[in-house]
Structure formats: C-alpha cells, structure tokens
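*Asks:* My structure is stored as work_2.txt, with compact mmCIF, C-alpha atoms.
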```txt
# COMPACT_ATOMS: atom_id res chain seq x y z
CA MET A 1 0.00 0.00 0.00
CA GLY A 2 2.85 2.32 0.92
CA ASN A 3 4.54 1.57 -2.40
CA ILE A 4 1.37 2.36 -4.34
CA LYS A 5 1.03 5.66 -2.48
CA PHE A 6 4.68 6.47 -3.10
CA TRP A 7 4.50 5.77 -6.83
CA GLY A 8 1.15 7.47 -7.08
CA ARG A 9 2.64 10.61 -5.57
CA ARG A 10 5.72 10.40 -7.80
CA ILE A 11 3.55 10.08 -10.91
CA TRP A 12 1.35 12.97 -9.80
CA GLU A 13 4.41 15.16 -9.17
CA LYS A 14 5.82 14.27 -12.58
CA LYS A 15 2.43 14.32 -14.33
CA GLY A 16 3.71 16.61 -17.09
CA ARG A 17 6.14 13.95 -18.25
CA PHE A 18 3.80 11.11 -17.41
CA ARG A 19 1.17 12.73 -19.63
CA TRP A 20 3.58 12.67 -22.57
CA VAL A 21 4.16 8.96 -21.98
CA VAL A 22 0.42 8.21 -21.86
CA GLN A 23 -0.17 10.25 -25.03
CA LEU A 24 2.67 8.51 -26.82
CA LEU A 25 1.27 5.12 -25.76
CA MET A 26 -2.17 6.06 -27.07
CA VAL A 27 -0.72 7.09 -30.45
CA ILE A 28 1.28 3.84 -30.61
CA PHE A 29 -1.86 1.89 -29.63
CA LEU A 30 -3.85 3.47 -32.44
CA GLY A 31 -1.07 2.93 -34.98
CA ALA A 32 -0.52 -0.67 -33.93
CA SER A 33 -4.24 -1.44 -33.97
CA LEU A 34 -4.47 -0.15 -37.54
CA PHE A 35 -1.19 -1.37 -39.00
CA GLY A 36 0.25 -3.94 -36.58
CA LYS A 37 0.16 -7.56 -37.72
CA ASN A 38 0.53 -9.30 -34.38
CA PHE A 39 -1.27 -6.98 -32.04
CA PRO A 40 -2.02 -8.65 -28.68
CA ILE A 41 -5.69 -7.58 -28.55
CA PRO A 42 -7.89 -8.98 -31.35
CA ARG A 43 -7.77 -6.40 -34.12
CA LYS A 44 -11.52 -6.01 -34.38
CA GLU A 45 -11.55 -4.91 -30.74
CA SER A 46 -8.46 -2.72 -30.85
CA ALA A 47 -9.60 -0.54 -33.73
CA ALA A 48 -13.16 -0.28 -32.51
CA ILE A 49 -12.29 0.58 -28.91
CA PHE A 50 -11.65 4.25 -29.78
CA PHE A 51 -15.11 4.60 -31.27
CA ARG A 52 -16.68 2.83 -28.31
CA ALA A 53 -15.11 5.40 -26.00
CA ASP A 54 -16.56 8.19 -28.13
CA ALA A 55 -19.52 9.63 -26.21
CA PHE A 56 -20.26 12.16 -28.95
CA LEU A 57 -20.66 9.57 -31.71
CA GLY A 58 -22.59 7.31 -29.34
CA LEU A 59 -24.97 10.12 -28.40
CA SER A 60 -25.48 11.37 -31.95
CA SER A 61 -26.04 7.91 -33.44
CA TYR A 62 -28.48 7.13 -30.60
CA LEU A 63 -30.38 10.36 -31.25
CA ALA A 64 -30.43 9.77 -35.01
CA THR A 65 -31.43 6.11 -34.94
CA GLY A 66 -32.52 5.11 -31.46
CA ILE A 67 -29.84 2.39 -31.54
CA ASN A 68 -27.07 2.17 -28.96
CA LEU A 69 -23.47 2.00 -30.05
CA PRO A 70 -22.03 -1.49 -29.39
CA GLY A 71 -20.00 -1.28 -26.19
CA TRP A 72 -21.68 2.04 -25.32
CA TRP A 73 -21.02 1.41 -21.63
CA LEU A 74 -17.37 2.30 -22.29
CA SER A 75 -18.23 5.83 -23.42
CA LEU A 76 -20.76 6.08 -20.60
CA GLY A 77 -18.09 5.07 -18.07
CA LEU A 78 -15.69 7.63 -19.52
CA ALA A 79 -18.38 10.32 -19.39
CA ILE A 80 -19.05 9.51 -15.71
CA ALA A 81 -15.31 9.64 -14.95
CA ILE A 82 -15.08 13.03 -16.70
CA PHE A 83 -18.12 14.25 -14.78
CA LEU A 84 -16.37 13.34 -11.54
CA ALA A 85 -12.80 14.37 -12.35
CA GLY A 86 -13.10 17.00 -15.10
CA ASN A 87 -12.10 16.69 -18.75
CA PHE A 88 -8.88 14.72 -18.55
CA PHE A 89 -9.49 12.97 -21.88
CA CYS A 90 -8.32 15.59 -24.38
CA TYR A 91 -4.89 16.17 -22.82
CA TRP A 92 -4.22 12.60 -21.73
CA PHE A 93 -5.89 10.00 -23.89
CA CYS A 94 -6.94 11.52 -27.21
CA PRO A 95 -4.62 10.17 -29.94
CA PHE A 96 -5.20 13.22 -32.15
CA GLY A 97 -4.22 15.48 -29.25
CA GLY A 98 -1.27 13.19 -28.63
CA VAL A 99 -0.02 13.57 -32.21
CA VAL A 100 -0.41 17.35 -32.01
CA ASP A 101 1.34 17.58 -28.63
CA ILE A 102 4.22 15.36 -29.71
CA LEU A 103 4.70 17.31 -32.95
CA TRP A 104 4.49 20.54 -30.99
CA LEU A 105 7.17 19.29 -28.60
CA VAL A 106 9.41 18.22 -31.48
CA PHE A 107 8.99 21.18 -33.84
CA ARG A 108 7.54 24.18 -32.11
CA ARG A 109 8.34 24.40 -28.43
CA GLY A 110 10.24 27.62 -27.89
CA ARG A 111 11.42 27.79 -31.52
CA TRP A 112 8.74 29.62 -33.43
CA PRO A 113 7.23 32.76 -32.02
CA VAL A 114 3.44 32.76 -31.58
CA LEU A 115 2.47 35.22 -34.30
CA TRP A 116 -1.29 34.86 -34.42
CA ARG A 117 -4.02 34.10 -31.95
CA LEU A 118 -7.47 32.93 -32.91
CA PRO A 119 -10.30 35.36 -32.13
CA ALA A 120 -12.35 34.51 -29.04
CA TRP A 121 -15.50 33.53 -30.95
CA PHE A 122 -13.49 31.12 -33.07
CA ARG A 123 -12.10 29.45 -29.97
CA HIS A 124 -15.65 28.72 -28.78
CA LEU A 125 -16.86 27.40 -32.11
CA ARG A 126 -16.67 23.74 -31.06
CA PHE A 127 -19.52 24.15 -28.59
CA GLY A 128 -21.69 25.61 -31.33
CA LEU A 129 -20.68 22.80 -33.67
CA PHE A 130 -21.49 20.23 -31.01
CA TRP A 131 -25.05 21.56 -30.68
CA VAL A 132 -25.40 21.74 -34.46
CA PHE A 133 -24.54 18.06 -34.76
CA ILE A 134 -26.89 17.14 -31.92
CA VAL A 135 -29.78 19.09 -33.50
CA ALA A 136 -28.93 17.56 -36.90
CA SER A 137 -28.99 14.08 -35.34
CA LEU A 138 -32.43 14.76 -33.89
CA ALA A 139 -33.55 15.96 -37.33
CA ALA A 140 -32.19 12.73 -38.82
CA PHE A 141 -34.32 10.74 -36.39
CA TRP A 142 -37.36 12.72 -37.42
CA GLY A 143 -36.86 12.34 -41.17
CA GLU A 144 -35.95 8.98 -42.67
CA ARG A 145 -33.82 10.38 -45.47
CA ILE A 146 -32.11 13.18 -43.58
CA PRO A 147 -28.42 12.33 -43.18
CA ASN A 148 -26.52 12.23 -39.90
CA PHE A 149 -23.25 14.11 -40.33
CA ALA A 150 -21.85 13.74 -36.82
CA TRP A 151 -18.97 11.68 -38.22
CA VAL A 152 -17.51 14.53 -40.27
CA LEU A 153 -15.47 16.19 -37.52
CA ASP A 154 -15.08 13.37 -35.03
CA PRO A 155 -11.37 13.13 -34.10
CA PHE A 156 -11.16 9.33 -34.12
CA GLY A 157 -12.98 9.11 -37.43
CA LEU A 158 -10.75 11.86 -38.81
CA MET A 159 -7.59 9.99 -37.82
CA VAL A 160 -8.62 6.45 -38.72
CA ARG A 161 -10.21 7.54 -42.00
CA GLY A 162 -7.15 9.58 -42.94
CA LEU A 163 -4.71 6.77 -42.16
CA ILE A 164 -6.74 4.03 -43.85
CA LEU A 165 -8.33 5.70 -46.85
CA LYS A 166 -5.51 8.20 -47.48
CA GLY A 167 -6.06 10.58 -50.43
CA LYS A 168 -8.22 13.60 -49.65
CA TRP A 169 -9.04 12.27 -46.17
CA LEU A 170 -5.34 12.20 -45.25
CA PHE A 171 -4.90 15.64 -46.75
CA PHE A 172 -7.67 16.97 -44.51
CA LEU A 173 -6.12 15.27 -41.47
CA GLY A 174 -2.73 16.80 -42.33
CA LEU A 175 -4.34 20.20 -42.75
CA MET A 176 -5.92 19.96 -39.31
CA VAL A 177 -2.65 18.85 -37.71
CA ILE A 178 -0.81 21.80 -39.32
CA PHE A 179 -3.61 24.14 -38.19
CA SER A 180 -3.16 22.78 -34.65
CA LEU A 181 0.56 23.44 -34.83
CA ILE A 182 0.15 27.03 -36.03
CA PHE A 183 -2.50 27.75 -33.41
CA PHE A 184 -1.74 25.41 -30.51
CA ARG A 185 -4.48 22.76 -30.39
CA GLY A 186 -6.43 24.99 -32.78
CA TRP A 187 -8.50 22.13 -34.14
CA CYS A 188 -9.26 20.78 -30.65
CA HIS A 189 -10.34 24.19 -29.36
CA SER A 190 -12.25 25.33 -32.43
CA PHE A 191 -13.74 22.32 -34.18
CA CYS A 192 -13.63 19.14 -32.10
CA PRO A 193 -17.20 18.17 -31.14
CA LEU A 194 -15.97 15.30 -28.95
CA GLY A 195 -13.82 17.71 -26.96
CA ALA A 196 -16.83 20.02 -26.62
CA CYS A 197 -18.96 17.11 -25.42
CA TYR A 198 -16.42 16.07 -22.77
CA SER A 199 -15.77 19.71 -21.77
CA LEU A 200 -19.51 20.26 -21.24
CA ILE A 201 -19.72 17.10 -19.13
CA GLY A 202 -16.65 18.21 -17.12
CA MET A 203 -18.09 21.71 -16.66
CA ALA A 204 -21.42 20.28 -15.50
CA GLY A 205 -19.61 18.12 -12.95
CA LYS A 206 -17.55 21.06 -11.73
CA LYS A 207 -20.64 23.22 -11.39
CA MET A 208 -22.39 20.53 -9.39
CA ARG A 209 -19.39 20.05 -7.11
CA ASN A 210 -19.14 23.79 -6.52
CA LYS A 211 -22.86 23.97 -5.73
CA LYS A 212 -22.51 21.17 -3.21
CA GLY A 213 -19.38 22.62 -1.69
CA ARG A 214 -20.80 26.10 -1.26
CA GLY A 215 -23.33 25.04 1.36
CA SER A 216 -21.00 22.92 3.45
CA GLY A 217 -18.30 25.55 3.79
CA LYS A 218 -15.59 22.91 3.19
CA THR A 219 -14.68 24.03 -0.31
CA GLN A 220 -14.20 27.31 -2.08
CA PRO A 221 -16.51 28.06 -5.02
CA ALA A 222 -14.61 28.48 -8.34
CA MET B 223 -10.40 31.18 -21.78
CA GLU B 224 -11.88 34.50 -22.92
CA LYS B 225 -15.59 35.06 -22.41
CA LEU B 226 -17.93 35.65 -25.31
CA SER B 227 -19.81 38.90 -25.55
CA ARG B 228 -23.60 38.74 -25.85
CA ARG B 229 -23.46 39.86 -29.48
CA GLU B 230 -20.88 37.20 -30.38
CA PHE B 231 -22.93 34.56 -28.61
CA LEU B 232 -26.13 35.54 -30.45
CA ASN B 233 -24.32 35.68 -33.79
CA GLN B 234 -23.03 32.20 -33.19
CA LEU B 235 -26.43 30.95 -32.11
CA VAL B 236 -28.15 32.25 -35.26
CA SER B 237 -25.48 30.89 -37.59
CA MET B 238 -25.60 27.52 -35.82
CA GLY B 239 -29.38 27.46 -36.17
CA LEU B 240 -29.02 28.02 -39.90
CA VAL B 241 -26.43 25.27 -40.19
CA ALA B 242 -28.59 22.92 -38.14
CA PHE B 243 -31.37 23.42 -40.70
CA PHE B 244 -28.94 22.36 -43.42
CA PRO B 245 -29.66 18.58 -43.18
CA PHE B 246 -33.24 19.21 -44.30
CA LEU B 247 -31.86 20.68 -47.51
CA LEU B 248 -29.68 17.61 -47.99
CA ARG B 249 -32.58 15.18 -48.01
CA GLU B 250 -31.94 12.48 -50.53
CA ARG B 251 -34.77 12.05 -52.99
CA GLN B 252 -34.01 8.50 -53.99
CA ILE B 253 -32.10 5.84 -52.11
CA SER B 254 -29.52 4.44 -54.52
CA GLY B 255 -28.89 0.79 -55.31
CA LEU B 256 -25.40 0.40 -53.89
CA ILE B 257 -24.16 -3.10 -53.09
CA ARG B 258 -23.45 -2.98 -49.38
CA PRO B 259 -21.27 -5.39 -47.35
CA PRO B 260 -22.95 -8.56 -46.04
CA GLY B 261 -24.92 -8.00 -42.84
CA SER B 262 -25.60 -4.31 -43.50
CA VAL B 263 -28.65 -2.75 -41.91
CA PHE B 264 -31.30 -1.32 -44.23
CA GLU B 265 -30.17 1.60 -46.39
CA SER B 266 -31.55 4.69 -44.63
CA LEU B 267 -30.38 3.41 -41.25
CA PHE B 268 -27.03 2.40 -42.71
CA ASN B 269 -26.29 5.97 -43.82
CA LYS B 270 -27.12 7.29 -40.37
CA LEU B 271 -25.24 4.67 -38.38
CA CYS B 272 -22.04 4.40 -40.42
CA PHE B 273 -19.22 6.54 -38.97
CA ARG B 274 -17.19 6.39 -42.21
CA CYS B 275 -14.31 5.29 -39.99
CA GLY B 276 -12.83 3.05 -42.67
CA VAL B 277 -12.18 0.10 -40.34
CA CYS B 278 -14.11 -2.23 -42.67
CA PHE B 279 -11.92 -1.21 -45.64
CA LYS B 280 -8.86 -2.11 -43.61
CA THR B 281 -10.31 -5.38 -42.34
CA CYS B 282 -11.65 -6.76 -45.64
CA PRO B 283 -9.25 -9.49 -46.82
CA ALA B 284 -10.63 -9.35 -50.37
CA HIS B 285 -10.26 -5.55 -50.65
CA CYS B 286 -13.71 -5.41 -52.19
CA LEU B 287 -14.96 -2.40 -50.19
CA TRP B 288 -14.67 1.15 -51.48
CA PRO B 289 -15.87 4.48 -50.14
CA VAL B 290 -18.90 5.91 -51.94
CA PRO B 291 -17.75 8.93 -53.97
CA LEU B 292 -19.47 12.26 -53.48
CA ASP B 293 -21.13 12.21 -56.92
CA LEU B 294 -23.15 9.11 -55.96
CA GLY B 295 -24.98 11.06 -53.27
CA LEU B 296 -24.09 13.19 -50.29
CA ASN B 297 -26.15 11.01 -47.98
CA SER B 298 -24.07 7.90 -48.53
CA TRP B 299 -20.79 9.69 -49.20
CA GLY B 300 -17.78 7.88 -47.73
CA SER B 301 -19.71 4.79 -46.64
CA PRO B 302 -18.53 1.35 -47.80
CA TYR B 303 -19.88 -0.37 -50.90
CA ILE B 304 -18.79 -3.22 -53.09
CA ILE B 305 -17.60 -2.75 -56.65
CA PRO B 306 -17.76 -6.34 -57.89
CA ARG B 307 -15.84 -5.56 -61.06
CA LYS B 308 -12.82 -4.62 -58.92
CA ALA B 309 -13.14 -7.42 -56.35
CA GLY B 310 -15.83 -9.81 -55.18
CA CYS B 311 -16.86 -10.48 -51.59
CA LEU B 312 -15.59 -13.64 -49.84
CA ARG B 313 -18.48 -13.55 -47.33
CA CYS B 314 -15.99 -13.98 -44.47
CA GLY B 315 -17.90 -11.55 -42.23
CA ALA B 316 -14.73 -9.72 -41.10
CA CYS B 317 -16.33 -6.31 -41.80
CA GLY B 318 -19.36 -7.18 -39.67
CA ARG B 319 -17.17 -8.19 -36.74
CA ALA B 320 -14.96 -5.10 -37.06
CA CYS B 321 -17.64 -2.44 -37.55
CA PRO B 322 -17.71 -0.19 -34.45
CA SER B 323 -20.98 1.50 -35.40
CA ALA B 324 -23.23 -1.57 -35.86
CA ALA B 325 -24.06 -0.48 -39.41
CA ILE B 326 -22.66 -3.86 -40.53
CA ARG B 327 -23.63 -6.80 -38.35
CA PRO B 328 -22.04 -10.23 -38.14
CA VAL B 329 -24.11 -12.52 -40.31
CA PRO B 330 -23.92 -16.31 -40.82
CA THR B 331 -22.48 -17.10 -44.26
CA GLU B 332 -25.57 -19.10 -45.29
CA GLN B 333 -27.80 -16.04 -44.72
CA VAL B 334 -25.74 -13.64 -46.85
CA LYS B 335 -27.61 -12.19 -49.84
CA MET B 336 -26.15 -8.97 -51.19
CA GLY B 337 -27.90 -9.00 -54.54
CA THR B 338 -28.31 -11.09 -57.66
CA ALA B 339 -26.10 -11.56 -60.70
CA LYS B 340 -27.47 -11.40 -64.21
CA ILE B 341 -25.88 -12.39 -67.50
CA ASN B 342 -26.01 -10.00 -70.41
CA PRO B 343 -26.20 -12.30 -73.48
CA ALA B 344 -25.12 -9.44 -75.78
CA LEU B 345 -21.69 -9.37 -74.08
CA CYS B 346 -21.25 -13.00 -73.01
CA LEU B 347 -18.69 -14.92 -75.09
CA VAL B 348 -20.63 -18.20 -74.85
CA TRP B 349 -23.96 -16.66 -75.80
CA GLN B 350 -22.47 -14.62 -78.64
CA SER B 351 -19.91 -16.89 -80.28
CA GLY B 352 -20.24 -20.23 -78.55
CA LYS B 353 -16.74 -20.06 -77.05
CA GLU B 354 -15.91 -22.32 -74.12
CA CYS B 355 -15.52 -19.71 -71.39
CA LEU B 356 -17.62 -20.49 -68.29
CA VAL B 357 -15.32 -18.61 -65.88
CA CYS B 358 -18.42 -17.49 -63.95
CA LEU B 359 -19.40 -21.12 -63.47
CA GLU B 360 -15.96 -21.93 -62.06
CA TYR B 361 -15.80 -18.98 -59.68
CA CYS B 362 -19.35 -19.12 -58.32
CA PRO B 363 -19.04 -20.37 -54.70
CA VAL B 364 -22.69 -21.40 -54.42
CA GLY B 365 -23.32 -23.06 -57.78
CA ALA B 366 -25.80 -20.44 -58.90
CA VAL B 367 -24.56 -20.41 -62.51
CA ILE B 368 -26.29 -23.15 -64.45
CA LEU B 369 -26.00 -24.24 -68.08
CA ASP B 370 -28.83 -24.81 -70.50
CA GLU B 371 -28.95 -27.67 -73.02
CA LYS B 372 -26.70 -25.71 -75.42
CA GLY B 373 -24.10 -25.08 -72.70
CA ARG B 374 -24.94 -21.41 -72.26
CA PRO B 375 -24.74 -20.01 -68.72
CA SER B 376 -27.54 -18.35 -66.79
CA VAL B 377 -27.99 -17.41 -63.13
CA GLU B 378 -30.42 -19.07 -60.75
CA PRO B 379 -31.62 -16.08 -58.65
CA SER B 380 -32.67 -18.15 -55.66
CA LEU B 381 -29.14 -19.56 -55.28
CA CYS B 382 -27.11 -16.44 -56.13
CA VAL B 383 -25.77 -14.51 -53.11
CA GLY B 384 -24.51 -11.49 -55.07
CA CYS B 385 -20.88 -11.89 -54.00
CA GLY B 386 -19.64 -10.62 -57.37
CA LEU B 387 -16.80 -13.12 -57.84
CA CYS B 388 -18.25 -13.93 -61.27
CA GLU B 389 -18.25 -10.25 -62.28
CA GLU B 390 -14.70 -9.75 -60.98
CA ASN B 391 -13.33 -12.65 -63.00
CA CYS B 392 -15.42 -12.27 -66.16
CA PRO B 393 -12.89 -12.20 -69.03
CA VAL B 394 -14.90 -9.70 -71.09
CA THR B 395 -12.66 -6.65 -71.33
CA GLY B 396 -13.80 -3.18 -70.32
CA SER B 397 -15.50 -1.75 -67.28
CA VAL B 398 -18.77 -3.65 -67.84
CA ALA B 399 -18.66 -7.43 -67.53
CA ALA B 400 -20.96 -9.90 -69.25
CA ILE B 401 -22.30 -10.81 -65.84
CA THR B 402 -23.23 -8.02 -63.44
CA VAL B 403 -24.53 -7.92 -59.89
CA SER B 404 -27.41 -5.69 -58.82
CA THR B 405 -29.06 -5.25 -55.42
CA LYS B 406 -32.16 -7.10 -56.60
CA GLY B 407 -33.30 -9.55 -53.93
CA GLU B 408 -30.75 -8.35 -51.34
CA LYS B 409 -31.27 -9.11 -47.66
CA ARG B 410 -30.71 -6.41 -45.06
CA TYR B 411 -30.71 -6.50 -41.30
CA TYR B 412 -33.71 -4.91 -39.54
CA PRO B 413 -32.69 -4.25 -35.92
CA LYS B 414 -36.22 -3.79 -34.56
CA GLU B 415 -37.30 -7.17 -35.90
CA ASN B 416 -33.84 -8.66 -35.28
CA LYS B 417 -33.78 -10.47 -38.61
CA TYR B 418 -32.48 -10.36 -42.17
CA ARG B 419 -35.04 -10.00 -44.87
```
Show me the file's structure as structure tokens.
*Replies:*
Amino acid sequence: MGNIKFWGRRIWEKKGRFRWVVQLLMVIFLGASLFGKNFPIPRKESAAIFFRADAFLGLSSYLATGINLPGWWLSLGLAIAIFLAGNFFCYWFCPFGGVVDILWLVFRRGRWPVLWRLPAWFRHLRFGLFWVFIVASLAAFWGERIPNFAWVLDPFGLMVRGLILKGKWLFFLGLMVIFSLIFFRGWCHSFCPLGACYSLIGMAGKKMRNKKGRGSGKTQPA
Amino acid sequence: MEKLSRREFLNQLVSMGLVAFFPFLLRERQISGLIRPPGSVFESLFNKLCFRCGVCFKTCPAHCLWPVPLDLGLNSWGSPYIIPRKAGCLRCGACGRACPSAAIRPVPTEQVKMGTAKINPALCLVWQSGKECLVCLEYCPVGAVILDEKGRPSVEPSLCVGCGLCEENCPVTGSVAAITVSTKGEKRYYPKENKYR
C-alpha cells in the first residue's frame, strides 16, 4: 500500500512527463491497432475501442437512430469519470491530441514565435458545432432520409479515415494537424465536437461540485 | 479562456441554427442501389449509423470495399460499398465483426444475400460466339450459374448470393462485364425485428 502511495505521488508530481508517456502510448496503440500484424488484442476490438469510447458519436447515433453503439457502456463510463474528475481525456488519452502535442514538442516548443491568436468567438466554435450536430442528429431521427453528419469532424474518425483511406481524407487530417501546430491545439479548441462534449460534461460536474461545496463551507466556489 | 460577448454569442447561435437546418436541404430524394457489405442494416439506417471510420476497408481481406464517392450522393458519401468488377466479396464476415458503429452486423455465411447476378447475353462470349468460357461457373461459390442444353450459362436467382466473384473474374474486357450484380433480392438487417429479410 505504501509503495502504491509512493509511486502514485511520484507520478502525480511528474504528471507533465507522465502525460507525454500516456499520449505517446495512445498514439502507438492506435497505430498498432491499424497497422500492426501481431497486435495482442484482437484487431476487431483494438480498432473499434476508440469509437466505443466516443460519447459524442454514441450520443449522436443514438439520437439519429434510437440504436445504442455497441459497447456504449465504455463511453458512458468515460463520461461519468469526466463528470467526476473534469475533462482529462483531451490532454491525456486523445490520440489526435497526442499527435499534435508530440509534434508541438518536437517542432515548435520555444522555436517559433506565436504570431497569431485565434479570435475569441473562433475558440468557442466547437460548442456551437457540437449543438449543431446534436440538432442535426435529432432531425435525422425525425426524417428517414435526412443524413446524420456527426462523423464529419469526429477526431477518431478523422484519424482512422485519414490513415486508412488516405487521399483527400489524409490531406484533410494533415491540414488539421498543421492548423493545430500554427495555433496550438487549434483544431481541438475550435472544431472538435468530442472535446466540446467532454468539456460540457466536465463543466457540468464542476458546477455541481461547486454547488454542493458552497453550502458545506468545506470548499471554495470556483 | 476569454468570455464571449452577448453579441458574439447571439451571432453564433443564429449561424448555428441556420447550419442545423442544413440537413433538411440535404434530403436524398431517392435511395440508390449500392451493393453494401454482407450484414448491413437497411439503407436509410445504414447511412445514419455508419461513422465512415474506414475500419471495414482495412479489415476486408478481399479488398472489395470502397468508399462511396461524393457524386453518388451526399447522404451515402464515404460509406462502404462493393464494386464487384474490382473485387468480389468472400463472405468472411470480417467487416461485420470489425464495424464499431453496428451499421454492418455479423451474419452467418448461409444467410448472406447482397444481390443477384445477371448475365447479359449481348456481351457473353458463350452466348455470342459459342466459345468455351464459363469462368463465372468456375468462380461461383454457391453453384448459382447453371447451363442450358446448349451449354450457355444463366444465373439461378434463388441460389445467387450477389458476391460478385463472377463479375470480378469475367474475361470480357472493359468496365462492364458480361455478368453483373445488382441489389435485386438483397437481404438487409432490420434491428427492430432482429432479422435479415
């Protein structure tokens, strides 16, 4: 028990570096699940696991069709964890974020000056996009031939599609990665509907915790 | 994080409302006859469920799946379909097991029915010039290609599964083979009824 506490504290103190390791592992996991020949987990599971952890796709496909995503409990579990602990997903486990962070560390950190900043409204765009996709999914449920376009900007779909189908899909992925290097995490902050979904869940959790804490006098409201 | 002003917020809200109305404008008038992978759910549900993740393309050992190009319809754009002339389906069910969105379901091989092949006598070498070809007969995995008394091939629709191996291997040169697969008689999965029909 003492050892666990000790290592837990060490990891927490070094969480900056530990985060890089986790991100790198997630990127390797995604790459190996798509291109590895002898991957330890059955390949059908390894590639699909990212989509099963995707609460946004799960929610939108449920709203559009009334059908649950297979393995939806995984995204539900992640959503509950984010509700309790805040949005840790984007900066720890997202493979797209991992690629961007690693490339940023390799190419940009301290080398290029930050010349431009995105305007404030642009940095909030993802929340708007999230609600657009949710409303569009509801519309798709209402009308049989109305398409559900939630997949267009999903980060896992963007990565897997780009790496498998290549061509214009890979070009779009590359464009988004470059955009995220020019404006740090620009794509994540401006366009990612999954990030918006998890941020909203995290914010809701934080708000609830603050509400609870205010009455007891044990915690400070944010 | 900087806070939005009221004007910025309202601007965003109105523009998002307009974009949200966009799907109504994209309504597809006619659902196209694309040959979908075995175990696919019915067409309108398929287009809504499919994430266009591309996992099925990667998993397919026969490389028979292709993404629907934009000119075949915005609704089904990027979703998987079979082009039998390029490669036929082996009915292995790998795509159904790999699909993370449940748009393609695992289906027993004996229940697979993706469409029906049809011979075009105007292009077929046996029908036209009496040559001994019969490649379709050799490649058909279910024995759906039968010969008449003059040795000319035809397809038995009740036996054909629409795998497209005949079309892939048809020796007639050009983009159109003498034997082509259409979605006629295809079976799709209906989740509410939990059956293929």
*Asks:* Find the distance between atom CA of A:Ala140 and atom CA of B:Thr405 and write it in Å to one decimal.
*Replies:* 24.7 Å
*Asks:* Quick one: of A:Thr65, A:Ser137, A:Ser60, A:Asn148, who's nearest to A:Cys197, counting only C-alpha atoms?
*Replies:*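 Distance minimum relative to A:Cys197 lands on A:Ser60.
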*Asks:* Each residue of stretch 131-176 of chain A with at least one atom at most 9 Å from stretch 81-102 of chain A should appear once, together with its nearest atom pair and the corresponding distance in Å (one decimal); atoms considered: all atoms listed in the file; ordering: chain, then increasing residue number; output as a Markdown table.
*Replies:*
```
| residue | atom | partner | partner_atom | distance |
| --- | --- | --- | --- | --- |
| A:Pro155 | CA | A:Phe96 | CA | 6.5 |
| A:Phe156 | CA | A:Phe96 | CA | 7.4 |
| A:Leu158 | CA | A:Phe96 | CA | 8.8 |
| A:Met159 | CA | A:Phe96 | CA | 6.9 |
```
*Asks:* Excluding A:Leu153 and any residue of its chain fewer than 3 positions from it, enumerate the residues within 9 Å of it, using all atoms listed in the file, and give them as a PyMOL selection string.
*Replies:* chain A and resi 149-150+156-158+191-194
*Asks:* Find the residue from A:Ala55, A:Leu200, A:Leu78, A:Leu125 that sits nearest to chain B; use all atoms listed in the file when measuring.
*Replies:*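 Among the listed residues, A:Leu125 lies closest to chain B.
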*Asks:* To one decimal place, how far is atom CA of A:Leu118 from atom CA of B:Arg228 in Å?
*Replies:*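 Atom CA of B:Arg228 lies at a distance of 18.5 Å from atom CA of A:Leu118.
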*Asks:* Restrict the calculation to only C-alpha atoms, then for each residue of chain A with any atom at most 6 Å from an atom of chain B give the closest atom pair and their distance in Å to one decimal, rows by chain and rising residue number, as a tab-separated table.
*Replies:*
```
residue	atom	partner	partner_atom	distance
A:Lys44	CA	B:Ala320	CA	4.5
A:Ala48	CA	B:Pro322	CA	4.9
A:Ser61	CA	B:Leu271	CA	6.0
A:Leu69	CA	B:Ser323	CA	5.9
A:Val132	CA	B:Ala242	CA	5.0
A:Ala136	CA	B:Ala242	CA	5.5
A:Arg145	CA	B:Arg249	CA	5.6
A:Ile146	CA	B:Arg249	CA	4.9
A:Pro147	CA	B:Asn297	CA	5.5
A:Asn148	CA	B:Lys270	CA	5.0
A:Trp151	CA	B:Phe273	CA	5.2
A:Gly157	CA	B:Cys275	CA	4.8
A:Val160	CA	B:Cys275	CA	5.9
A:Arg161	CA	B:Cys275	CA	5.1
```
*Asks:* Go through A:Leu34, A:Gly58, A:Arg9, A:Ile178 one by one, measure the shortest atom-to-atom distance of each to A:Leu165 using all atoms listed in the file, and give the residue with the smallest value.
*Replies:*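 That would be A:Leu34, the residue with the smallest distance to A:Leu165.
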*Asks:* Report, in Å to a single decimal, how far apart atom CA of A:Phe184 and atom CA of A:Ile80 are.
*Replies:*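 Value for the atom CA of A:Ile80-atom CA of A:Phe184 distance: 27.8 Å.
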